>>> print(open('structure_33.cif').read())   # mmCIF, C-alpha atoms and all ligand atoms
data_target
loop_
_atom_site.group_PDB
_atom_site.id
_atom_site.type_symbol
_atom_site.label_atom_id
_atom_site.label_comp_id
_atom_site.auth_asym_id
_atom_site.auth_seq_id
_atom_site.Cartn_x
_atom_site.Cartn_y
_atom_site.Cartn_z
ATOM 1 C CA MET A 1 80.104 -123.124 103.639
ATOM 2 C CA PHE A 2 81.444 -122.569 100.144
ATOM 3 C CA HIS A 3 84.861 -121.323 99.109
ATOM 4 C CA GLY A 4 85.900 -119.826 95.817
ATOM 5 C CA ALA A 5 83.807 -120.184 92.698
ATOM 6 C CA GLU A 6 80.040 -120.443 92.413
ATOM 7 C CA PRO A 7 78.935 -123.822 93.781
ATOM 8 C CA ARG A 8 77.489 -126.106 91.139
ATOM 9 C CA PRO A 9 75.372 -129.238 91.404
ATOM 10 C CA ARG A 10 77.275 -132.358 92.325
ATOM 11 C CA TRP A 11 76.156 -135.682 90.907
ATOM 12 C CA SER A 12 77.477 -139.146 91.489
ATOM 13 C CA VAL A 13 78.475 -141.359 88.575
ATOM 14 C CA ALA A 14 75.118 -143.109 88.973
ATOM 15 C CA GLY A 15 73.377 -139.789 88.322
ATOM 16 C CA ARG A 16 72.215 -139.207 91.907
ATOM 17 C CA TRP A 17 72.328 -135.838 93.644
ATOM 18 C CA THR A 18 75.013 -135.916 96.301
ATOM 19 C CA GLY A 19 75.101 -132.385 97.631
ATOM 20 C CA CYS A 20 77.053 -129.286 96.651
ATOM 21 C CA TYR A 21 80.331 -129.056 94.802
ATOM 22 C CA CYS A 22 83.272 -127.358 96.451
ATOM 23 C CA PRO A 23 86.817 -128.478 95.643
ATOM 24 C CA ARG A 24 88.356 -127.277 98.897
ATOM 25 C CA VAL A 25 85.697 -128.898 101.035
ATOM 26 C CA ALA A 26 85.782 -132.052 98.930
ATOM 27 C CA GLY A 27 89.511 -132.516 99.573
ATOM 28 C CA SER A 28 92.884 -130.892 99.299
ATOM 29 C CA ASN A 29 94.699 -129.870 96.128
ATOM 30 C CA ALA A 30 97.197 -132.619 96.880
ATOM 31 C CA ARG A 31 94.627 -135.087 95.499
ATOM 32 C CA PRO A 32 95.822 -136.825 92.346
ATOM 33 C CA ILE A 33 94.898 -136.056 88.769
ATOM 34 C CA GLY A 34 93.186 -139.033 87.119
ATOM 35 C CA VAL A 35 94.420 -139.874 83.635
ATOM 36 C CA PHE A 36 92.972 -142.657 81.522
ATOM 37 C CA ASP A 37 93.492 -144.218 78.149
ATOM 38 C CA SER A 38 92.489 -147.319 76.222
ATOM 39 C CA GLY A 39 95.865 -148.799 77.128
ATOM 40 C CA LEU A 40 99.393 -147.711 77.840
ATOM 41 C CA GLY A 41 99.714 -145.156 75.014
ATOM 42 C CA GLY A 42 98.230 -142.466 77.266
ATOM 43 C CA LEU A 43 101.425 -142.622 79.302
ATOM 44 C CA THR A 44 102.752 -140.177 76.659
ATOM 45 C CA VAL A 45 100.221 -137.720 78.094
ATOM 46 C CA ALA A 46 101.110 -138.644 81.707
ATOM 47 C CA ARG A 47 104.755 -138.068 80.765
ATOM 48 C CA ALA A 48 103.998 -134.614 79.334
ATOM 49 C CA ILE A 49 101.969 -133.753 82.463
ATOM 50 C CA ALA A 50 104.734 -134.962 84.800
ATOM 51 C CA ALA A 51 107.283 -132.889 82.868
ATOM 52 C CA ARG A 52 105.127 -129.743 82.921
ATOM 53 C CA LEU A 53 103.672 -130.183 86.431
ATOM 54 C CA PRO A 54 106.171 -132.204 88.497
ATOM 55 C CA SER A 55 104.358 -131.603 91.797
ATOM 56 C CA GLU A 56 101.107 -133.158 90.621
ATOM 57 C CA ARG A 57 100.299 -136.730 91.644
ATOM 58 C CA ILE A 58 98.874 -138.836 88.843
ATOM 59 C CA VAL A 59 96.795 -141.982 88.990
ATOM 60 C CA TYR A 60 96.777 -143.554 85.540
ATOM 61 C CA LEU A 61 94.290 -146.130 84.296
ATOM 62 C CA GLY A 62 95.080 -148.109 81.134
ATOM 63 C CA ASP A 63 92.251 -150.324 79.910
ATOM 64 C CA THR A 64 94.696 -152.947 78.648
ATOM 65 C CA ALA A 65 91.959 -155.610 78.593
ATOM 66 C CA ARG A 66 89.999 -153.780 75.908
ATOM 67 C CA VAL A 67 92.594 -151.823 73.918
ATOM 68 C CA PRO A 68 92.361 -150.740 71.093
ATOM 69 C CA TYR A 69 89.440 -148.322 71.197
ATOM 70 C CA GLY A 70 90.284 -146.620 67.901
ATOM 71 C CA THR A 71 88.755 -149.369 65.777
ATOM 72 C CA ARG A 72 85.524 -149.690 67.806
ATOM 73 C CA SER A 73 82.126 -148.008 67.430
ATOM 74 C CA ALA A 74 81.444 -144.728 69.209
ATOM 75 C CA GLU A 75 78.772 -146.481 71.355
ATOM 76 C CA THR A 76 81.260 -149.077 72.600
ATOM 77 C CA VAL A 77 83.962 -146.485 73.285
ATOM 78 C CA LEU A 78 81.432 -144.413 75.235
ATOM 79 C CA ARG A 79 80.518 -147.413 77.392
ATOM 80 C CA TYR A 80 84.153 -148.257 78.105
ATOM 81 C CA ALA A 81 84.952 -144.607 78.841
ATOM 82 C CA GLN A 82 82.118 -144.358 81.380
ATOM 83 C CA ALA A 83 83.482 -147.383 83.240
ATOM 84 C CA CYS A 84 87.032 -145.956 83.283
ATOM 85 C CA GLY A 85 85.848 -142.522 84.427
ATOM 86 C CA ALA A 86 83.710 -144.033 87.198
ATOM 87 C CA ARG A 87 86.576 -146.146 88.459
ATOM 88 C CA LEU A 88 88.973 -143.202 88.637
ATOM 89 C CA ALA A 89 86.326 -141.078 90.355
ATOM 90 C CA GLU A 90 86.474 -143.593 93.227
ATOM 91 C CA ARG A 91 90.159 -142.667 93.739
ATOM 92 C CA ASP A 92 89.433 -139.169 95.041
ATOM 93 C CA ILE A 93 90.809 -137.425 91.963
ATOM 94 C CA LYS A 94 90.563 -133.642 91.688
ATOM 95 C CA LEU A 95 90.400 -133.579 87.880
ATOM 96 C CA LEU A 96 90.210 -136.091 85.051
ATOM 97 C CA VAL A 97 92.384 -135.973 81.940
ATOM 98 C CA VAL A 98 91.105 -138.117 79.090
ATOM 99 C CA ALA A 99 94.409 -139.004 77.436
ATOM 100 C CA CYS A 100 92.813 -141.067 74.685
ATOM 101 C CA ASN A 101 92.004 -139.076 71.550
ATOM 102 C CA THR A 102 89.312 -141.555 70.536
ATOM 103 C CA VAL A 103 87.538 -141.179 73.907
ATOM 104 C CA SER A 104 88.029 -137.404 73.851
ATOM 105 C CA ALA A 105 86.425 -137.379 70.407
ATOM 106 C CA VAL A 106 83.253 -139.275 71.328
ATOM 107 C CA ALA A 107 82.715 -139.299 75.102
ATOM 108 C CA LEU A 108 83.860 -136.031 76.632
ATOM 109 C CA ASP A 109 80.422 -134.416 76.988
ATOM 110 C CA THR A 110 78.985 -137.523 78.651
ATOM 111 C CA LEU A 111 81.896 -137.781 81.080
ATOM 112 C CA ARG A 112 81.483 -134.111 81.992
ATOM 113 C CA VAL A 113 77.833 -134.668 82.871
ATOM 114 C CA GLN A 114 78.541 -137.827 84.838
ATOM 115 C CA LEU A 115 81.558 -136.827 86.895
ATOM 116 C CA ASP A 116 81.762 -134.170 89.558
ATOM 117 C CA VAL A 117 85.328 -133.114 88.741
ATOM 118 C CA PRO A 118 86.575 -131.028 85.790
ATOM 119 C CA VAL A 119 87.256 -133.183 82.729
ATOM 120 C CA LEU A 120 89.919 -132.249 80.154
ATOM 121 C CA GLY A 121 90.296 -134.039 76.835
ATOM 122 C CA VAL A 122 93.158 -133.954 74.354
ATOM 123 C CA VAL A 123 91.318 -132.911 71.176
ATOM 124 C CA THR A 124 90.732 -129.222 71.922
ATOM 125 C CA PRO A 125 94.300 -128.604 73.206
ATOM 126 C CA GLY A 126 95.681 -130.393 70.128
ATOM 127 C CA ALA A 127 93.396 -128.425 67.809
ATOM 128 C CA ARG A 128 94.348 -125.158 69.496
ATOM 129 C CA ALA A 129 98.073 -125.882 69.129
ATOM 130 C CA GLY A 130 97.493 -126.934 65.501
ATOM 131 C CA VAL A 131 95.649 -123.708 64.680
ATOM 132 C CA ALA A 132 98.500 -121.725 66.246
ATOM 133 C CA ALA A 133 101.084 -123.687 64.245
ATOM 134 C CA SER A 134 99.451 -123.375 60.797
ATOM 135 C CA ARG A 135 100.350 -120.182 58.958
ATOM 136 C CA ALA A 136 98.597 -121.156 55.715
ATOM 137 C CA GLY A 137 95.377 -122.199 57.475
ATOM 138 C CA ARG A 138 95.691 -125.760 56.137
ATOM 139 C CA LEU A 139 95.954 -128.148 59.060
ATOM 140 C CA GLY A 140 96.566 -131.903 58.794
ATOM 141 C CA VAL A 141 95.429 -134.340 61.475
ATOM 142 C CA LEU A 142 96.432 -137.989 61.788
ATOM 143 C CA ALA A 143 94.413 -140.063 64.266
ATOM 144 C CA THR A 144 92.601 -143.384 64.727
ATOM 145 C CA ALA A 145 89.688 -144.336 62.482
ATOM 146 C CA GLY A 146 87.274 -143.657 65.365
ATOM 147 C CA THR A 147 88.622 -140.154 65.995
ATOM 148 C CA ILE A 148 88.524 -139.285 62.292
ATOM 149 C CA ALA A 149 84.982 -140.675 61.878
ATOM 150 C CA SER A 150 83.754 -138.575 64.812
ATOM 151 C CA GLY A 151 84.709 -135.300 63.078
ATOM 152 C CA ALA A 152 85.934 -134.035 66.459
ATOM 153 C CA TYR A 153 89.088 -132.317 65.191
ATOM 154 C CA PRO A 154 87.391 -130.366 62.350
ATOM 155 C CA ARG A 155 84.670 -129.330 64.841
ATOM 156 C CA ALA A 156 87.200 -128.207 67.444
ATOM 157 C CA VAL A 157 89.226 -126.279 64.855
ATOM 158 C CA ALA A 158 86.091 -124.624 63.423
ATOM 159 C CA SER A 159 85.142 -123.418 66.909
ATOM 160 C CA LEU A 160 88.606 -121.870 67.322
ATOM 161 C CA ASP A 161 89.167 -120.373 63.873
ATOM 162 C CA SER A 162 86.702 -120.936 61.037
ATOM 163 C CA ARG A 163 89.298 -119.891 58.434
ATOM 164 C CA VAL A 164 91.474 -122.941 59.103
ATOM 165 C CA GLU A 165 90.754 -125.904 56.851
ATOM 166 C CA VAL A 166 91.292 -129.375 58.326
ATOM 167 C CA PHE A 167 92.531 -132.414 56.397
ATOM 168 C CA ALA A 168 92.036 -135.349 58.757
ATOM 169 C CA ARG A 169 93.115 -138.884 57.890
ATOM 170 C CA PRO A 170 93.297 -142.182 59.780
ATOM 171 C CA ALA A 171 96.736 -143.638 60.450
ATOM 172 C CA PRO A 172 95.853 -146.948 62.150
ATOM 173 C CA LEU A 173 99.152 -148.759 61.553
ATOM 174 C CA PHE A 174 101.039 -146.292 63.706
ATOM 175 C CA VAL A 175 99.343 -147.804 66.788
ATOM 176 C CA PRO A 176 100.739 -151.374 66.528
ATOM 177 C CA LEU A 177 104.097 -150.003 65.376
ATOM 178 C CA ALA A 178 104.379 -147.886 68.525
ATOM 179 C CA GLU A 179 103.197 -150.815 70.683
ATOM 180 C CA GLU A 180 105.866 -153.068 69.143
ATOM 181 C CA GLY A 181 108.554 -150.436 69.529
ATOM 182 C CA TRP A 182 109.035 -150.270 65.736
ATOM 183 C CA VAL A 183 109.578 -146.535 65.723
ATOM 184 C CA ASP A 184 112.498 -146.250 63.335
ATOM 185 C CA GLY A 185 113.832 -148.000 60.247
ATOM 186 C CA GLU A 186 112.323 -149.034 56.964
ATOM 187 C CA VAL A 187 108.867 -150.197 58.031
ATOM 188 C CA PRO A 188 107.714 -147.077 59.939
ATOM 189 C CA ARG A 189 109.286 -144.895 57.249
ATOM 190 C CA LEU A 190 107.234 -146.586 54.538
ATOM 191 C CA VAL A 191 104.064 -146.334 56.616
ATOM 192 C CA ALA A 192 104.719 -142.669 57.429
ATOM 193 C CA ARG A 193 105.326 -141.922 53.741
ATOM 194 C CA ARG A 194 102.017 -143.572 52.809
ATOM 195 C CA TYR A 195 100.079 -141.563 55.420
ATOM 196 C CA LEU A 196 101.830 -138.244 54.808
ATOM 197 C CA ALA A 197 101.780 -138.187 50.986
ATOM 198 C CA PRO A 198 98.067 -137.292 50.627
ATOM 199 C CA LEU A 199 98.361 -134.610 53.308
ATOM 200 C CA VAL A 200 101.299 -133.104 51.460
ATOM 201 C CA GLU A 201 99.149 -133.060 48.309
ATOM 202 C CA ASP A 202 96.483 -131.251 50.327
ATOM 203 C CA GLY A 203 99.091 -128.578 51.053
ATOM 204 C CA VAL A 204 99.020 -128.755 54.852
ATOM 205 C CA ASP A 205 101.699 -126.752 56.651
ATOM 206 C CA ALA A 206 101.067 -128.113 60.175
ATOM 207 C CA LEU A 207 100.195 -131.590 61.381
ATOM 208 C CA VAL A 208 98.523 -132.623 64.647
ATOM 209 C CA LEU A 209 99.510 -136.051 65.962
ATOM 210 C CA GLY A 210 96.001 -136.843 67.216
ATOM 211 C CA CYS A 211 96.663 -140.152 68.951
ATOM 212 C CA THR A 212 98.408 -141.170 72.154
ATOM 213 C CA HIS A 213 100.804 -143.463 70.285
ATOM 214 C CA TYR A 214 102.011 -141.157 67.548
ATOM 215 C CA PRO A 215 104.502 -139.071 69.606
ATOM 216 C CA LEU A 216 106.736 -142.171 69.677
ATOM 217 C CA LEU A 217 106.866 -141.990 65.888
ATOM 218 C CA ALA A 218 107.330 -138.204 65.792
ATOM 219 C CA PRO A 219 111.015 -138.411 64.760
ATOM 220 C CA VAL A 220 110.290 -140.673 61.788
ATOM 221 C CA ILE A 221 107.197 -138.631 60.838
ATOM 222 C CA ALA A 222 109.279 -135.436 60.954
ATOM 223 C CA GLU A 223 112.028 -137.065 58.885
ATOM 224 C CA VAL A 224 109.633 -138.236 56.169
ATOM 225 C CA ALA A 225 107.774 -134.905 56.225
ATOM 226 C CA ALA A 226 111.094 -133.087 55.724
ATOM 227 C CA GLU A 227 111.835 -135.299 52.713
ATOM 228 C CA LEU A 228 108.413 -134.636 51.200
ATOM 229 C CA VAL A 229 108.008 -130.905 51.876
ATOM 230 C CA GLY A 230 111.131 -129.682 53.601
ATOM 231 C CA PRO A 231 111.188 -128.298 57.150
ATOM 232 C CA ALA A 232 108.054 -126.199 56.458
ATOM 233 C CA LEU A 233 105.674 -128.762 57.992
ATOM 234 C CA ARG A 234 105.237 -128.114 61.701
ATOM 235 C CA ILE A 235 104.386 -131.098 63.867
ATOM 236 C CA VAL A 236 102.148 -130.657 66.897
ATOM 237 C CA ASP A 237 102.049 -133.150 69.756
ATOM 238 C CA SER A 238 98.613 -133.073 71.410
ATOM 239 C CA ALA A 239 100.090 -134.553 74.636
ATOM 240 C CA GLU A 240 102.273 -131.494 75.225
ATOM 241 C CA ALA A 241 99.450 -129.151 74.266
ATOM 242 C CA THR A 242 97.199 -130.912 76.812
ATOM 243 C CA ALA A 243 99.761 -130.614 79.617
ATOM 244 C CA GLU A 244 100.007 -126.899 78.921
ATOM 245 C CA GLU A 245 96.215 -126.475 78.941
ATOM 246 C CA LEU A 246 95.997 -128.544 82.136
ATOM 247 C CA ALA A 247 98.433 -126.193 83.874
ATOM 248 C CA GLY A 248 96.156 -123.251 83.006
ATOM 249 C CA LEU A 249 93.019 -125.103 84.086
ATOM 250 C CA LEU A 250 94.453 -126.121 87.479
ATOM 251 C CA ASP A 251 95.527 -122.566 88.068
ATOM 252 C CA ALA A 252 92.192 -121.073 87.007
ATOM 253 C CA ARG A 253 90.230 -123.482 89.243
ATOM 254 C CA GLY A 254 92.560 -123.055 92.223
ATOM 255 C CA LEU A 255 93.425 -126.754 92.057
ATOM 256 C CA SER A 256 97.215 -126.671 91.650
ATOM 257 C CA ALA A 257 99.134 -128.971 93.990
ATOM 258 C CA PRO A 258 100.650 -127.201 97.006
ATOM 259 C CA ALA A 259 104.086 -125.750 96.314
ATOM 260 C CA ASP A 260 105.556 -127.793 99.159
ATOM 261 C CA ALA A 261 104.578 -131.071 97.485
ATOM 262 C CA SER A 262 107.529 -133.305 96.599
ATOM 263 C CA ARG A 263 109.220 -132.159 93.391
ATOM 264 C CA VAL A 264 108.714 -135.383 91.518
ATOM 265 C CA ALA A 265 105.316 -136.608 92.603
ATOM 266 C CA PRO A 266 104.459 -140.294 92.336
ATOM 267 C CA LEU A 267 102.645 -141.894 89.438
ATOM 268 C CA SER A 268 100.532 -144.932 90.247
ATOM 269 C CA ILE A 269 99.187 -147.161 87.539
ATOM 270 C CA LEU A 270 96.064 -149.290 87.212
ATOM 271 C CA VAL A 271 95.616 -151.749 84.351
ATOM 272 C CA THR A 272 92.727 -154.056 83.483
ATOM 273 C CA ASP A 273 94.851 -156.907 82.115
ATOM 274 C CA ARG A 274 98.365 -158.394 82.005
ATOM 275 C CA PRO A 275 100.230 -156.300 84.582
ATOM 276 C CA ALA A 276 103.196 -158.647 84.129
ATOM 277 C CA ASP A 277 103.568 -157.570 80.471
ATOM 278 C CA PHE A 278 103.361 -153.941 81.353
ATOM 279 C CA ALA A 279 106.972 -152.861 81.961
ATOM 280 C CA SER A 280 108.451 -152.869 78.468
ATOM 281 C CA PRO A 281 105.734 -150.976 76.514
ATOM 282 C CA ALA A 282 105.034 -148.681 79.462
ATOM 283 C CA SER A 283 108.710 -147.697 79.703
ATOM 284 C CA ARG A 284 108.672 -146.784 76.018
ATOM 285 C CA PHE A 285 105.566 -144.604 76.312
ATOM 286 C CA LEU A 286 106.630 -143.012 79.560
ATOM 287 C CA GLY A 287 110.218 -142.505 78.426
ATOM 288 C CA GLN A 288 111.706 -143.960 81.608
ATOM 289 C CA PRO A 289 111.975 -147.359 83.300
ATOM 290 C CA VAL A 290 108.771 -148.199 85.170
ATOM 291 C CA GLU A 291 109.906 -151.194 87.223
ATOM 292 C CA THR A 292 109.660 -149.250 90.463
ATOM 293 C CA LEU A 293 106.162 -147.869 89.814
ATOM 294 C CA PRO A 294 103.208 -149.421 91.623
ATOM 295 C CA VAL A 295 100.975 -151.316 89.163
ATOM 296 C CA GLU A 296 97.628 -152.707 90.236
ATOM 297 C CA GLN A 297 95.274 -154.857 88.199
ATOM 298 C CA ILE A 298 91.599 -153.901 88.463
ATOM 299 C CA ASP A 299 88.358 -155.095 86.944
ATOM 300 C CA LEU A 300 85.919 -152.701 85.296
HETATM 301 N N1 LIG B 1 94.555 -144.256 72.719
HETATM 302 C C1 LIG B 1 94.053 -144.272 71.368
HETATM 303 C C2 LIG B 1 93.899 -142.819 70.875
HETATM 304 O O1 LIG B 1 94.599 -141.919 71.303
HETATM 305 C C3 LIG B 1 94.949 -145.068 70.453
HETATM 306 C C4 LIG B 1 94.954 -146.557 70.735
HETATM 307 C C5 LIG B 1 93.609 -147.193 70.571
HETATM 308 O O2 LIG B 1 93.129 -147.337 69.420
HETATM 309 O O3 LIG B 1 93.028 -147.554 71.581
HETATM 310 O O4 LIG B 1 93.070 -142.567 70.043
#
>>> encode(input="structure_33.cif", output="structure tokens")
Amino acid sequence: MFHGAEPRPRWSVAGRWTGCYCPRVAGSNARPIGVFDSGLGGLTVARAIAARLPSERIVYLGDTARVPYGTRSAETVLRYAQACGARLAERDIKLLVVACNTVSAVALDTLRVQLDVPVLGVVTPGARAGVAASRAGRLGVLATAGTIASGAYPRAVASLDSRVEVFARPAPLFVPLAEEGWVDGEVPRLVARRYLAPLVEDGVDALVLGCTHYPLLAPVIAEVAAELVGPALRIVDSAEATAEELAGLLDARGLSAPADASRVAPLSILVTDRPADFASPASRFLGQPVETLPVEQIDL
């Protein structure tokens, strides 16, 4: 018996046929949303989801053993992403959010074929919000080297509005700065100035922060941008854009958590290395103390 939408083929991660797909038969809408990232930076996305959808349970996987992904080849990122997706699929998730921009840029199509749950990345929501924010049709994107090399943002923007021109540049130093908690003061200001100056020359009027880590530096980026061009540059956080798109997707697929679920649903966290070193960076990315959250170390 099928409920709701047209049933579609259901395949296991190993590529085997496993029967027919039906969310309500497969489990209740109280199942968690899986969220994964190369490390802890994706907690900025989990935070945006928790703020937008407080009844949704989240199981977060940070591949802390192999972070960073942004400097690696697309082939390696794809392999890592498949392992993360497969591991979360074992946790009875109802939907997967790929919080990592680098993974979203190179592995989304493969994950969609492999997994039998809807898969949402962060690139298209970020691109959509960027297109909406740019009045001049000149959109800047800062992201990891891997995301920029993939051309994912220009492709996503072109599919949304071919009149918008994209100026995409790597901003790799923002990642260690965010990890270290160096998000204000002289050093991040100098780095932000270096990364923003060419985009200002390109005449962008909106800027997508296309990396999990960059929202932590948003205040300093906004400050430097205001110095260089005044308040005219609009800054778009792809984490918030993704949470908004997720809300629409859950609703459209009939997957929203039941209204009687607890108001602040639990977040459980899996890491692949150093759970003991997790609390301080995780608290920064999540924007709240994490000492009480369950953290489990897993192997991929
Ligand atoms: N999570 C990555 C991203 O959003 C940044 C960190 C990394 O390089 O792994 O692209």
>>> residues_near_ligand(input="structure_33.cif", ligand="ligand LIG 1 (chain B)", cutoff="7 Å", atoms="all atoms listed in the file", output="list in words")
Asp37, Ser38, Gly39, Gly41, Gly42, Val67, Pro68, Tyr69, Gly70, Thr71, Ala99, Cys100, Asn101, Thr102, Val103, Ala143, Thr144, Thr147, Val175, Gly210, Cys211, Thr212 and His213 of chain A
>>> resolve_selection(input="structure_33.cif", expression="the PyMOL selection byres (((chain A and resi 214) around 10) and not hetatm)", output="JSON, numbers by chain")
{"A": [41, 44, 142, 143, 171, 174, 175, 177, 178, 183, 208, 209, 210, 211, 212, 213, 215, 216, 217, 218, 219, 221, 237, 238, 239]}
>>> closest_residue(input="structure_33.cif", among="A:Glu186, A:Asp63, A:Asp205, A:Glu244", to="Leu120 in chain A", atoms="all atoms listed in the file")
A:Glu244
>>> closest_residue(input="structure_33.cif", among="A:Ala241, A:Leu40, A:Leu228, A:Val166", to="Leu196 in chain A", atoms="all atoms listed in the file")
A:Leu228
>>> resolve_selection(input="structure_33.cif", expression="the PyMOL selection byres (((chain A and resi 80-89) around 10) and not hetatm)", output="number ranges by chain")
A: 12-14, 33-38, 59-63, 66, 69, 74-79, 90-98, 100, 102-104, 106-108, 110-112, 114-117, 119, 270, 272, 298-300
>>> write_last_selection(input="structure_33.cif", atoms="C-alpha atoms", output="CSV table (one decimal), in the frame of the given file")
chain,number,residue,atom,x,y,z
A,12,SER,CA,77.5,-139.1,91.5
A,13,VAL,CA,78.5,-141.4,88.6
A,14,ALA,CA,75.1,-143.1,89.0
A,33,ILE,CA,94.9,-136.1,88.8
A,34,GLY,CA,93.2,-139.0,87.1
A,35,VAL,CA,94.4,-139.9,83.6
A,36,PHE,CA,93.0,-142.7,81.5
A,37,ASP,CA,93.5,-144.2,78.1
A,38,SER,CA,92.5,-147.3,76.2
A,59,VAL,CA,96.8,-142.0,89.0
A,60,TYR,CA,96.8,-143.6,85.5
A,61,LEU,CA,94.3,-146.1,84.3
A,62,GLY,CA,95.1,-148.1,81.1
A,63,ASP,CA,92.3,-150.3,79.9
A,66,ARG,CA,90.0,-153.8,75.9
A,69,TYR,CA,89.4,-148.3,71.2
A,74,ALA,CA,81.4,-144.7,69.2
A,75,GLU,CA,78.8,-146.5,71.4
A,76,THR,CA,81.3,-149.1,72.6
A,77,VAL,CA,84.0,-146.5,73.3
A,78,LEU,CA,81.4,-144.4,75.2
A,79,ARG,CA,80.5,-147.4,77.4
A,90,GLU,CA,86.5,-143.6,93.2
A,91,ARG,CA,90.2,-142.7,93.7
A,92,ASP,CA,89.4,-139.2,95.0
A,93,ILE,CA,90.8,-137.4,92.0
A,94,LYS,CA,90.6,-133.6,91.7
A,95,LEU,CA,90.4,-133.6,87.9
A,96,LEU,CA,90.2,-136.1,85.1
A,97,VAL,CA,92.4,-136.0,81.9
A,98,VAL,CA,91.1,-138.1,79.1
A,100,CYS,CA,92.8,-141.1,74.7
A,102,THR,CA,89.3,-141.6,70.5
A,103,VAL,CA,87.5,-141.2,73.9
A,104,SER,CA,88.0,-137.4,73.9
A,106,VAL,CA,83.3,-139.3,71.3
A,107,ALA,CA,82.7,-139.3,75.1
A,108,LEU,CA,83.9,-136.0,76.6
A,110,THR,CA,79.0,-137.5,78.7
A,111,LEU,CA,81.9,-137.8,81.1
A,112,ARG,CA,81.5,-134.1,82.0
A,114,GLN,CA,78.5,-137.8,84.8
A,115,LEU,CA,81.6,-136.8,86.9
A,116,ASP,CA,81.8,-134.2,89.6
A,117,VAL,CA,85.3,-133.1,88.7
A,119,VAL,CA,87.3,-133.2,82.7
A,270,LEU,CA,96.1,-149.3,87.2
A,272,THR,CA,92.7,-154.1,83.5
A,298,ILE,CA,91.6,-153.9,88.5
A,299,ASP,CA,88.4,-155.1,86.9
A,300,LEU,CA,85.9,-152.7,85.3
>>> residues_around(input="structure_33.cif", residues="Glu165 in chain A", least_positions_apart="2", cutoff="10 Å", atoms="all atoms listed in the file", output="VMD selection string")
chain A and resid 131 134 136 to 140 154 157 to 158 161 to 163 167 to 168 204
>>> decode(input="structure_33.cif", residues="range 190-194 of chain A", atoms="all heavy atoms", output="PDB file, in the first residue's frame")
ATOM      1  N   LEU A 190      42.316  42.111   8.033  1.00  0.00           N
ATOM      2  CA  LEU A 190      43.258  42.171   6.907  1.00  0.00           C
ATOM      3  C   LEU A 190      42.927  41.114   5.854  1.00  0.00           C
ATOM      4  O   LEU A 190      42.946  41.372   4.650  1.00  0.00           O
ATOM      5  CB  LEU A 190      44.698  41.933   7.405  1.00  0.00           C
ATOM      6  CG  LEU A 190      45.373  43.122   8.072  1.00  0.00           C
ATOM      7  CD1 LEU A 190      46.713  42.710   8.665  1.00  0.00           C
ATOM      8  CD2 LEU A 190      45.576  44.253   7.046  1.00  0.00           C
ATOM      9  N   VAL A 191      42.613  39.913   6.337  1.00  0.00           N
ATOM     10  CA  VAL A 191      42.282  38.820   5.410  1.00  0.00           C
ATOM     11  C   VAL A 191      41.006  39.165   4.633  1.00  0.00           C
ATOM     12  O   VAL A 191      40.938  39.014   3.401  1.00  0.00           O
ATOM     13  CB  VAL A 191      42.131  37.481   6.178  1.00  0.00           C
ATOM     14  CG1 VAL A 191      41.661  36.369   5.253  1.00  0.00           C
ATOM     15  CG2 VAL A 191      43.446  37.094   6.841  1.00  0.00           C
ATOM     16  N   ALA A 192      40.007  39.664   5.351  1.00  0.00           N
ATOM     17  CA  ALA A 192      38.733  40.012   4.697  1.00  0.00           C
ATOM     18  C   ALA A 192      38.962  41.109   3.647  1.00  0.00           C
ATOM     19  O   ALA A 192      38.423  41.050   2.532  1.00  0.00           O
ATOM     20  CB  ALA A 192      37.723  40.474   5.736  1.00  0.00           C
ATOM     21  N   ARG A 193      39.803  42.072   3.978  1.00  0.00           N
ATOM     22  CA  ARG A 193      40.088  43.164   3.036  1.00  0.00           C
ATOM     23  C   ARG A 193      40.719  42.602   1.760  1.00  0.00           C
ATOM     24  O   ARG A 193      40.350  42.971   0.648  1.00  0.00           O
ATOM     25  CB  ARG A 193      41.021  44.172   3.719  1.00  0.00           C
ATOM     26  CG  ARG A 193      41.333  45.399   2.897  1.00  0.00           C
ATOM     27  CD  ARG A 193      42.053  46.420   3.753  1.00  0.00           C
ATOM     28  NE  ARG A 193      41.137  47.176   4.571  1.00  0.00           N
ATOM     29  CZ  ARG A 193      40.519  48.277   4.150  1.00  0.00           C
ATOM     30  NH1 ARG A 193      40.741  48.739   2.942  1.00  0.00           N
ATOM     31  NH2 ARG A 193      39.688  48.918   4.934  1.00  0.00           N
ATOM     32  N   ARG A 194      41.661  41.685   1.938  1.00  0.00           N
ATOM     33  CA  ARG A 194      42.361  41.072   0.802  1.00  0.00           C
ATOM     34  C   ARG A 194      41.372  40.314  -0.097  1.00  0.00           C
ATOM     35  O   ARG A 194      41.449  40.372  -1.314  1.00  0.00           O
ATOM     36  CB  ARG A 194      43.421  40.135   1.374  1.00  0.00           C
ATOM     37  CG  ARG A 194      44.353  39.522   0.397  1.00  0.00           C
ATOM     38  CD  ARG A 194      45.342  40.550  -0.156  1.00  0.00           C
ATOM     39  NE  ARG A 194      46.303  39.889  -0.990  1.00  0.00           N
ATOM     40  CZ  ARG A 194      47.561  39.630  -0.629  1.00  0.00           C
ATOM     41  NH1 ARG A 194      48.009  40.023   0.524  1.00  0.00           N
ATOM     42  NH2 ARG A 194      48.363  39.004  -1.455  1.00  0.00           N
TER      43      ARG A 194
END
